[in-house]
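Coordinates from entry25.txt are shown below (compact mmCIF, C-alpha atoms).
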```txt
# COMPACT_ATOMS: atom_id res chain seq x y z
CA MET I 244 -39.02 39.06 -18.97
CA SER I 245 -39.28 36.19 -21.45
CA ARG I 246 -42.67 35.76 -23.07
CA SER I 247 -44.84 32.72 -22.40
CA ARG I 248 -46.02 30.62 -25.32
CA GLY I 249 -49.44 31.97 -26.10
CA GLY I 250 -49.36 30.69 -29.68
CA PRO I 251 -49.41 32.68 -32.92
CA ASP I 252 -53.09 33.65 -32.66
CA GLY I 253 -53.66 33.90 -28.92
CA PRO I 254 -52.37 36.18 -26.16
CA ASP I 255 -50.10 35.10 -23.34
CA VAL I 256 -52.71 36.00 -20.72
CA ILE I 257 -56.47 36.47 -20.74
CA VAL I 258 -57.90 38.63 -17.96
CA VAL I 259 -61.64 38.16 -17.40
CA GLY I 260 -63.08 41.45 -16.15
CA ALA I 261 -62.05 45.07 -16.63
CA GLY I 262 -62.56 46.32 -13.11
CA LEU I 263 -59.73 47.92 -11.15
CA ALA I 264 -58.10 44.60 -10.27
CA GLY I 265 -58.15 43.31 -13.84
CA LEU I 266 -56.83 46.56 -15.27
CA ALA I 267 -54.00 46.73 -12.71
CA CYS I 268 -53.04 43.13 -13.40
CA ALA I 269 -53.07 43.72 -17.16
CA ALA I 270 -50.96 46.89 -16.85
CA ASP I 271 -48.22 45.14 -14.88
CA LEU I 272 -48.11 42.17 -17.27
CA VAL I 273 -48.05 44.41 -20.35
CA GLY I 274 -45.24 46.35 -18.70
CA GLU I 275 -43.22 43.14 -18.60
CA GLY I 276 -43.72 42.49 -22.30
CA LEU I 277 -46.57 39.98 -22.18
CA ASP I 278 -49.43 40.00 -24.68
CA VAL I 279 -52.60 40.45 -22.62
CA GLN I 280 -56.28 40.39 -23.61
CA VAL I 281 -58.86 41.78 -21.18
CA LEU I 282 -62.41 40.51 -21.79
CA GLU I 283 -65.19 42.63 -20.28
CA ALA I 284 -68.86 41.58 -20.43
CA SER I 285 -70.35 45.09 -20.16
CA ASP I 286 -70.10 48.11 -22.44
CA ALA I 287 -67.44 49.97 -20.42
CA VAL I 288 -64.58 49.33 -18.02
CA GLY I 289 -64.78 49.79 -14.26
CA GLY I 290 -66.97 47.02 -12.88
CA ARG I 291 -68.87 48.60 -9.97
CA MET I 292 -66.83 51.79 -10.41
CA ARG I 293 -68.98 53.26 -13.18
CA SER I 294 -70.64 56.57 -13.94
CA ASP I 295 -73.80 57.05 -15.99
CA HIS I 296 -75.63 60.14 -17.26
CA VAL I 297 -79.27 60.45 -16.24
CA GLY I 298 -81.40 63.55 -16.70
CA GLY I 299 -78.38 65.76 -17.24
CA CYS I 300 -76.72 64.46 -14.06
CA VAL I 301 -73.62 62.37 -13.46
CA ILE I 302 -74.76 59.27 -11.57
CA ASP I 303 -72.12 57.04 -10.01
CA ARG I 304 -73.25 53.46 -9.47
CA GLY I 305 -73.78 53.83 -5.76
CA PHE I 306 -72.33 56.58 -3.58
CA GLN I 307 -68.56 56.47 -3.93
CA VAL I 308 -65.57 58.49 -2.79
CA PHE I 309 -61.97 58.52 -3.97
CA ASN I 310 -59.10 58.59 -1.46
CA THR I 311 -55.82 60.14 -2.58
CA ALA I 312 -53.78 58.45 0.17
CA TYR I 313 -53.85 54.92 -1.21
CA PRO I 314 -50.35 53.82 -2.34
CA GLN I 315 -51.69 52.08 -5.44
CA VAL I 316 -53.61 55.21 -6.41
CA ARG I 317 -50.46 57.32 -6.16
CA ARG I 318 -48.50 54.77 -8.14
CA ARG I 319 -50.92 54.24 -11.02
CA LEU I 320 -53.01 57.36 -11.55
CA ASN I 321 -52.45 60.91 -12.70
CA LEU I 322 -54.48 62.73 -10.07
CA ARG I 323 -54.22 66.09 -11.82
CA GLU I 324 -55.94 64.70 -14.91
CA LEU I 325 -58.85 63.46 -12.79
CA ARG I 326 -59.58 67.06 -11.73
CA LEU I 327 -60.48 66.01 -8.22
CA ARG I 328 -62.93 67.99 -6.07
CA PRO I 329 -62.68 67.46 -2.29
CA PHE I 330 -65.26 66.75 0.36
CA THR I 331 -65.07 68.65 3.63
CA PRO I 332 -62.51 66.89 5.88
CA GLY I 333 -65.16 65.99 8.39
CA VAL I 334 -68.70 64.74 8.84
CA LEU I 335 -72.05 65.99 10.12
CA VAL I 336 -74.26 63.75 12.25
CA HIS I 337 -78.00 64.34 12.47
CA THR I 338 -79.34 63.63 15.97
CA ASP I 339 -82.59 64.30 17.77
CA ARG I 340 -80.77 67.19 19.48
CA GLY I 341 -79.45 68.82 16.34
CA ARG I 342 -76.38 68.39 14.16
CA LEU I 343 -72.96 67.42 15.43
CA ARG I 344 -69.88 68.20 13.38
CA LEU I 345 -66.63 66.27 13.64
CA VAL I 346 -63.68 67.62 11.68
CA ASP I 347 -60.36 65.86 11.12
CA PRO I 348 -58.43 66.87 14.29
CA THR I 349 -55.21 67.18 12.27
CA ARG I 350 -56.78 69.84 10.02
CA ALA I 351 -58.87 71.98 12.35
CA ARG I 352 -58.61 73.46 15.84
CA ARG I 353 -62.13 72.53 16.83
CA ALA I 354 -62.49 68.86 16.06
CA PHE I 355 -66.01 68.52 17.42
CA HIS I 356 -68.83 70.94 18.02
CA GLY I 357 -72.59 70.84 18.31
CA PRO I 358 -75.27 70.35 20.98
CA LEU I 359 -73.30 67.51 22.57
CA SER I 360 -69.96 68.55 24.04
CA LEU I 361 -66.94 66.32 23.60
CA GLY I 362 -65.46 65.33 26.95
CA PRO I 363 -61.73 65.16 27.72
CA ARG I 364 -61.81 61.36 27.56
CA ASP I 365 -62.94 61.33 23.93
CA VAL I 366 -60.67 64.25 22.98
CA ALA I 367 -57.67 62.31 24.30
CA ALA I 368 -58.81 59.08 22.64
CA LEU I 369 -59.19 60.84 19.27
CA ALA I 370 -55.69 62.31 19.50
CA VAL I 371 -54.14 58.95 20.41
CA LEU I 372 -56.06 57.14 17.66
CA ALA I 373 -54.91 59.69 15.07
CA GLY I 374 -51.28 59.30 16.13
CA ARG I 375 -51.33 55.51 16.32
CA ASP I 376 -52.98 55.11 12.90
CA ALA I 377 -51.58 57.98 10.82
CA LEU I 378 -47.90 57.86 11.78
CA PRO I 379 -46.69 54.21 11.71
CA PRO I 380 -46.16 52.26 8.46
CA ALA I 381 -49.23 50.34 7.32
CA GLY I 382 -47.33 47.08 7.84
CA ARG I 383 -47.38 47.57 11.59
CA ILE I 384 -51.13 48.05 11.64
CA LYS I 385 -51.61 44.83 9.67
CA HIS I 386 -49.96 42.85 12.46
CA ARG I 387 -51.92 44.29 15.37
CA ARG I 388 -54.30 42.16 17.36
CA ASP I 389 -57.53 41.73 15.42
CA ARG I 390 -60.98 42.08 16.98
CA SER I 391 -64.22 43.86 16.15
CA THR I 392 -64.14 47.59 15.51
CA ARG I 393 -66.48 48.12 18.46
CA ALA I 394 -64.08 46.29 20.77
CA ALA I 395 -61.14 48.27 19.40
CA LEU I 396 -62.90 51.60 19.98
CA ALA I 397 -63.75 50.62 23.55
CA ALA I 398 -60.14 49.58 24.15
CA ALA I 399 -58.99 52.92 22.72
CA GLY I 400 -60.90 54.69 25.51
CA PHE I 401 -63.88 56.15 23.66
CA SER I 402 -67.08 56.61 25.63
CA GLU I 403 -70.08 54.54 24.58
CA GLN I 404 -71.99 57.77 23.98
CA PHE I 405 -69.42 59.03 21.47
CA VAL I 406 -69.25 55.66 19.71
CA GLU I 407 -73.03 55.66 19.27
CA ARG I 408 -73.25 59.33 18.31
CA PHE I 409 -70.38 59.42 15.83
CA PHE I 410 -68.52 56.20 15.04
CA ARG I 411 -71.49 53.91 14.61
CA PRO I 412 -73.45 56.06 12.10
CA PHE I 413 -70.30 57.12 10.25
CA LEU I 414 -68.69 53.69 9.98
CA SER I 415 -72.00 52.09 9.00
CA GLY I 416 -71.65 53.97 5.73
CA VAL I 417 -68.00 53.02 5.37
CA PHE I 418 -68.34 49.27 6.02
CA LEU I 419 -72.05 48.84 5.19
CA GLU I 420 -72.93 47.25 8.52
CA GLU I 421 -74.52 48.67 11.66
CA ASP I 422 -72.93 46.70 14.48
CA LEU I 423 -69.25 47.75 14.20
CA GLU I 424 -68.35 44.08 13.70
CA THR I 425 -65.78 44.76 10.95
CA SER I 426 -62.18 43.69 11.57
CA SER I 427 -60.31 46.29 13.62
CA ARG I 428 -57.29 45.90 11.35
CA VAL I 429 -59.42 46.92 8.40
CA PHE I 430 -60.84 49.84 10.41
CA HIS I 431 -57.39 51.12 11.42
CA LEU I 432 -56.12 50.91 7.84
CA VAL I 433 -59.17 52.79 6.53
CA TRP I 434 -58.93 55.37 9.31
CA ARG I 435 -55.24 55.82 8.49
CA SER I 436 -56.02 56.48 4.85
CA MET I 437 -58.66 59.06 5.78
CA LEU I 438 -56.22 60.92 8.02
CA ARG I 439 -53.42 60.86 5.46
CA GLY I 440 -55.41 61.58 2.30
CA THR I 441 -58.25 63.63 0.88
CA LEU I 442 -61.69 62.24 0.11
CA CYS I 443 -62.84 63.59 -3.24
CA LEU I 444 -64.54 62.89 -6.56
CA PRO I 445 -63.28 63.23 -10.14
CA THR I 446 -65.04 66.00 -12.05
CA ALA I 447 -66.21 63.54 -14.74
CA GLY I 448 -67.48 60.99 -12.19
CA ILE I 449 -65.93 58.03 -10.44
CA GLY I 450 -65.83 56.13 -13.75
CA ALA I 451 -62.95 58.39 -14.79
CA VAL I 452 -60.64 56.33 -12.54
CA PRO I 453 -60.88 52.98 -14.38
CA ALA I 454 -61.14 54.85 -17.69
CA GLN I 455 -57.70 56.37 -17.08
CA LEU I 456 -56.23 52.97 -16.23
CA ALA I 457 -57.68 51.45 -19.40
CA ALA I 458 -56.45 54.34 -21.56
CA ALA I 459 -52.87 53.59 -20.51
CA LEU I 460 -53.06 50.08 -22.00
CA PRO I 461 -52.34 49.31 -25.68
CA GLY I 462 -55.42 50.07 -27.78
CA SER I 463 -56.36 46.45 -28.53
CA THR I 464 -55.96 45.16 -24.97
CA VAL I 465 -59.54 45.55 -23.74
CA ARG I 466 -62.50 43.96 -25.53
CA LEU I 467 -65.89 45.23 -24.34
CA GLU I 468 -69.21 43.37 -24.54
CA CYS I 469 -67.33 40.10 -24.58
CA PRO I 470 -68.78 37.88 -21.83
CA VAL I 471 -67.04 34.71 -20.73
CA GLU I 472 -69.21 31.70 -19.95
CA GLY I 473 -66.56 29.33 -18.65
CA LEU I 474 -62.95 28.27 -18.54
CA THR I 475 -61.54 25.56 -20.78
CA ASP I 476 -58.26 23.64 -20.77
CA ASP I 477 -56.92 26.03 -23.39
CA GLY I 478 -58.46 29.35 -22.34
CA VAL I 479 -62.04 30.58 -22.02
CA LEU I 480 -65.43 29.85 -23.56
CA LEU I 481 -66.99 33.03 -24.94
CA GLY I 482 -70.63 33.90 -24.39
CA GLY I 483 -71.31 34.44 -28.06
CA GLY I 484 -69.80 31.10 -28.98
CA GLY I 485 -66.26 30.16 -29.73
CA GLU I 486 -63.17 30.06 -27.56
CA ALA I 487 -60.32 32.43 -26.79
CA THR I 488 -57.09 30.62 -26.03
CA ALA I 489 -54.25 31.51 -23.70
CA PRO I 490 -52.08 29.43 -21.36
CA ILE I 491 -52.83 31.78 -18.45
CA VAL I 492 -56.27 33.03 -17.38
CA VAL I 493 -56.91 35.55 -14.62
CA VAL I 494 -60.47 35.81 -13.28
CA ALA I 495 -60.89 39.42 -12.15
CA THR I 496 -64.64 39.55 -11.59
CA GLY I 497 -66.86 39.88 -8.54
CA PRO I 498 -67.04 36.97 -6.08
CA GLY I 499 -70.19 35.40 -7.55
CA PRO I 500 -69.02 35.21 -11.17
CA ALA I 501 -65.54 34.23 -9.98
CA ALA I 502 -66.97 31.23 -8.10
CA ASP I 503 -68.96 30.25 -11.21
CA LEU I 504 -65.84 30.28 -13.36
CA LEU I 505 -63.61 28.67 -10.72
CA PRO I 506 -65.76 25.95 -9.08
CA GLY I 507 -63.26 25.32 -6.26
CA LEU I 508 -63.45 28.94 -5.16
CA THR I 509 -65.66 29.77 -2.18
CA PRO I 510 -67.54 33.03 -2.86
CA SER I 511 -67.05 35.76 -0.30
CA PRO I 512 -70.16 37.07 1.47
CA TYR I 513 -70.96 40.64 0.47
CA ARG I 514 -72.94 43.64 1.68
CA THR I 515 -75.68 45.23 -0.44
CA VAL I 516 -76.30 48.97 -0.60
CA THR I 517 -78.94 51.08 -2.35
CA THR I 518 -78.50 54.74 -3.26
CA TYR I 519 -81.37 57.12 -4.04
CA TYR I 520 -80.60 60.10 -6.25
CA HIS I 521 -82.87 63.12 -5.86
CA LEU I 522 -82.85 66.30 -7.90
CA CYS I 523 -83.97 69.57 -6.29
CA GLU I 524 -83.77 73.27 -7.12
CA ARG I 525 -81.80 74.51 -4.10
CA PRO I 526 -79.07 72.71 -2.14
CA PRO I 527 -80.45 71.58 1.25
CA LEU I 528 -76.86 71.88 2.55
CA ASP I 529 -74.55 74.38 0.91
CA GLU I 530 -71.27 72.59 1.60
CA PRO I 531 -69.56 69.41 0.30
CA THR I 532 -70.02 67.48 3.52
CA LEU I 533 -71.21 63.98 4.32
CA LEU I 534 -74.25 63.87 6.61
CA THR I 535 -75.01 60.74 8.65
CA ASP I 536 -77.94 59.81 10.88
CA SER I 537 -77.64 58.68 14.49
CA GLY I 538 -81.11 57.15 14.12
CA ARG I 539 -79.74 54.91 11.35
CA ARG I 540 -82.65 55.61 8.99
CA PHE I 541 -80.04 56.02 6.27
CA LEU I 542 -76.29 55.43 6.05
CA ASN I 543 -75.28 58.80 4.70
CA THR I 544 -76.42 61.56 2.41
CA CYS I 545 -74.58 64.26 0.49
CA VAL I 546 -75.33 67.09 -1.92
CA LEU I 547 -73.04 65.80 -4.67
CA SER I 548 -73.37 68.97 -6.72
CA GLU I 549 -71.73 70.84 -3.84
CA VAL I 550 -68.72 68.55 -4.27
CA VAL I 551 -68.70 68.63 -8.07
CA PRO I 552 -71.04 71.30 -9.49
CA SER I 553 -71.14 69.60 -12.91
CA TYR I 554 -72.82 66.53 -11.37
CA ALA I 555 -76.14 68.40 -11.79
CA PRO I 556 -77.54 70.81 -14.40
CA LYS I 557 -77.10 74.50 -13.64
CA GLY I 558 -79.75 75.73 -11.23
CA HIS I 559 -80.29 72.27 -9.68
CA SER I 560 -78.78 70.19 -6.88
CA LEU I 561 -78.16 66.44 -6.83
CA VAL I 562 -78.58 64.63 -3.51
CA ALA I 563 -77.38 61.05 -3.03
CA THR I 564 -78.62 59.03 -0.05
CA SER I 565 -77.57 55.46 0.71
CA VAL I 566 -79.26 52.74 2.78
CA LEU I 567 -78.32 49.18 3.64
CA GLY I 568 -79.87 46.40 1.58
CA ASP I 569 -82.24 46.49 -1.37
CA ASP I 570 -84.79 48.99 -2.58
CA THR I 571 -88.15 47.81 -1.25
CA PRO I 572 -91.71 49.19 -1.64
CA GLY I 573 -92.15 52.31 0.45
CA ARG I 574 -88.49 52.65 1.31
CA GLU I 575 -87.85 55.76 -0.78
CA ARG I 576 -90.80 57.45 0.93
CA ALA I 577 -89.30 56.65 4.35
CA VAL I 578 -85.90 57.92 3.23
CA ARG I 579 -87.45 61.14 1.95
CA SER I 580 -89.10 61.65 5.34
CA ALA I 581 -85.78 61.12 7.11
CA LEU I 582 -84.10 63.61 4.78
CA THR I 583 -86.73 66.21 5.62
CA ALA I 584 -85.64 66.01 9.25
CA ALA I 585 -81.91 65.68 8.57
CA TYR I 586 -81.69 68.60 6.15
CA GLU I 587 -84.46 70.62 7.83
CA ALA I 588 -85.88 71.15 4.36
CA ASP I 589 -89.08 70.42 2.47
CA THR I 590 -88.37 67.38 0.27
CA ALA I 591 -91.89 66.93 -1.10
CA ASP I 592 -91.03 68.40 -4.50
CA TRP I 593 -87.69 66.59 -4.88
CA GLU I 594 -87.57 64.51 -8.04
CA LEU I 595 -86.46 60.89 -7.63
CA LEU I 596 -84.05 60.75 -10.53
CA THR I 597 -82.89 57.13 -10.24
CA VAL I 598 -82.10 54.33 -7.81
CA ARG I 599 -78.93 52.26 -7.84
CA THR I 600 -78.66 48.96 -5.91
CA VAL I 601 -75.22 47.35 -5.72
CA PRO I 602 -75.56 43.70 -4.57
CA GLU I 603 -71.82 43.10 -4.16
CA ALA I 604 -70.82 46.51 -2.85
CA LEU I 605 -68.35 45.47 -0.15
CA PRO I 606 -67.14 42.15 1.23
CA VAL I 607 -68.01 41.14 4.78
CA MET I 608 -64.77 41.69 6.72
CA LEU I 609 -65.09 40.19 10.19
CA PRO I 610 -62.13 39.78 12.58
CA GLY I 611 -59.65 37.40 10.99
CA HIS I 612 -60.39 38.70 7.50
CA ALA I 613 -57.35 38.14 5.28
CA LEU I 614 -55.94 41.47 4.15
CA SER I 615 -54.37 39.78 1.14
CA ARG I 616 -54.64 36.31 -0.39
CA THR I 617 -52.74 34.45 -3.05
CA SER I 618 -54.17 34.64 -6.55
CA ARG I 619 -53.18 31.11 -7.53
CA THR I 620 -56.05 28.63 -7.90
CA ALA I 621 -54.66 26.02 -10.31
CA HIS I 622 -51.98 25.60 -12.96
CA GLY I 623 -52.22 28.69 -15.17
CA ARG I 624 -55.34 29.92 -13.37
CA TYR I 625 -55.45 32.98 -11.08
CA VAL I 626 -58.07 35.16 -9.39
CA CYS I 627 -58.04 38.74 -8.16
CA GLY I 628 -60.48 41.41 -7.01
CA ASP I 629 -61.37 43.48 -3.96
CA HIS I 630 -62.99 40.36 -2.46
CA ARG I 631 -59.44 38.98 -2.15
CA ALA I 632 -58.33 41.98 -0.06
CA THR I 633 -59.91 44.85 1.88
CA GLY I 634 -62.80 45.76 -0.41
CA SER I 635 -61.43 49.21 -1.22
CA VAL I 636 -59.90 50.83 -4.29
CA GLN I 637 -56.52 50.09 -2.73
CA GLY I 638 -57.55 46.47 -2.11
CA ALA I 639 -58.70 45.93 -5.70
CA LEU I 640 -55.57 47.47 -7.21
CA ALA I 641 -53.29 45.62 -4.79
CA SER I 642 -55.00 42.31 -5.57
CA GLY I 643 -54.44 42.84 -9.29
CA THR I 644 -50.83 43.75 -8.57
CA ARG I 645 -50.33 40.57 -6.59
CA ALA I 646 -51.84 38.42 -9.34
CA ALA I 647 -49.44 39.91 -11.90
CA ARG I 648 -46.50 39.43 -9.56
CA GLU I 649 -47.35 35.79 -8.92
CA ILE I 650 -47.83 35.12 -12.64
CA LEU I 651 -44.43 36.62 -13.44
CA THR I 652 -42.82 34.62 -10.64
CA ASP I 653 -44.39 31.40 -11.90
CA LEU I 654 -43.27 32.10 -15.46
CA ARG I 655 -39.72 32.66 -14.32
CA ASN I 656 -39.83 29.40 -12.41
CA GLY I 657 -41.48 27.49 -15.25
CA ARG I 658 -44.64 26.78 -13.25
CA SER I 659 -47.24 28.57 -15.39
```
Encoded form using structure tokens:
Amino acid sequence: MSRSRGGPDGPDVIVVGAGLAGLACAADLVGEGLDVQVLEASDAVGGRMRSDHVGGCVIDRGFQVFNTAYPQVRRRLNLRELRLRPFTPGVLVHTDRGRLRLVDPTRARRAFHGPLSLGPRDVAALAVLAGRDALPPAGRIKHRRDRSTRAALAAAGFSEQFVERFFRPFLSGVFLEEDLETSSRVFHLVWRSMLRGTLCLPTAGIGAVPAQLAAALPGSTVRLECPVEGLTDDGVLLGGGGEATAPIVVVATGPGPAADLLPGLTPSPYRTVTTYYHLCERPPLDEPTLLTDSGRRFLNTCVLSEVVPSYAPKGHSLVATSVLGDDTPGRERAVRSALTAAYEADTADWELLTVRTVPEALPVMLPGHALSRTSRTAHGRYVCGDHRATGSVQGALASGTRAAREILTDLRNGRS
């Protein structure tokens, strides 16, 4: 690959943002011999995929899981070095009649058990759904008819009772919406990844994922605490004053900042989620399993220290519970009350360790949502991020990959 003309003092490419998309884009361009500078406004890489330490606990910025089935994950990451700890391959649902447990039918004989029996209609529908989503190449799923997830589940033969008891509470936590209005293509791709992979967490926290990507880049590639205020004809305007020059600029931020830097870009609508982190002495559930609520008082809850013991100090348990929208007065009290019922435990003495609200947690992905979009916005200007794809780790990495590919193509053709 021939180098572009970045000048003696400037890089060939500036990438604004050190989230997964920006890091993937930078890695592919560096691999082709280009000089790349990644400018990150915060004090660490990862964007929304960050881990903090609070009160001796590892606190991810919002409840997150890591799926080993994503192709980009397998291509770019050393999974052994992440020291992954798995969740149970299934989910518990709290109902007014007790708990229901659904286990991945490909990994257990009894896929569903609890106070509500699973009829032959839903058993057959689950088996067909697993086969249709897990076995074919992902490309076939991308070209299926698109409709709402609710419509797709009805067409697949599931009873309304089972949809309301299981799919609706579970998928509300996956897509951060309660009405099953997400694109069925997105649902089938996500369901496929769950069947084919393992949901888990790195021992050091979810922030270990972008940290590994950044560590693979040359040491001077990423500049932290270097905000970008705008784009110029020759590069970018830095927040602290001055300008960084490069003939190619990639905006790899969230949709809001991306629209500010690229005025012609229409920002994608996003879902907001808030996660409450409670510390208690004993685990209210002694297994690494996600618990959802059919009453929709919360999206999901999990004893994270049962997944990764080092998430909490010895002798304590860390519970993460997520809800749609912002933290509002009295909401934590209502969540605590719901957890008392869901865990069948006294939560009065639980310590509220911290609250994390993520305003741009996941893009709204209604039927017709583009699974991938071009990164080109103008001559020498590109954009990438999960808002340009499916809103997942795979989507963010794939978007960064596409941006790098289009840049390299344009350089070969003399267009950039």
Interface rows for region 430-537 of chain I against region 615-620 of chain I: nearest pair, Å to one decimal, 9 Å, all atoms listed in the file, as CSV:
```
residue,atom,partner,partner_atom,distance
I:Val493,CA,I:Ser618,CA,8.6
I:Leu505,CA,I:Thr620,CA,8.1
I:Gly507,CA,I:Thr620,CA,8.1
I:Leu508,CA,I:Thr620,CA,7.9
```
For this session: Can you pull out every residue within 8 Å of Ala377 (chain I), counting all atoms listed in the file, but drop anything in the same chain fewer than 5 positions away, and send it as a list in words?
Result: Trp434, Arg435, Ser436, Leu438 and Arg439 of chain I
Exercise. Leaving out Pro412 (chain I) and any residue of its chain fewer than 3 positions from it, which residues lie within 9 Å of it when counting all atoms listed in the file, given as a PyMOL selection string?
Worked result: chain I and resi 336+406-409+415-416+421+535-539+541-543
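Rounded to one decimal, CA of Asp339 (chain I) and CA of Arg411 (chain I) lie 15.5 Å from each other.
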Problem set entry | Contacts of Lys385 (chain I) within 8 Å, all atoms listed in the file, excl. fewer than 5 positions in-chain, as a ChimeraX atom specification | /I:428,432,614
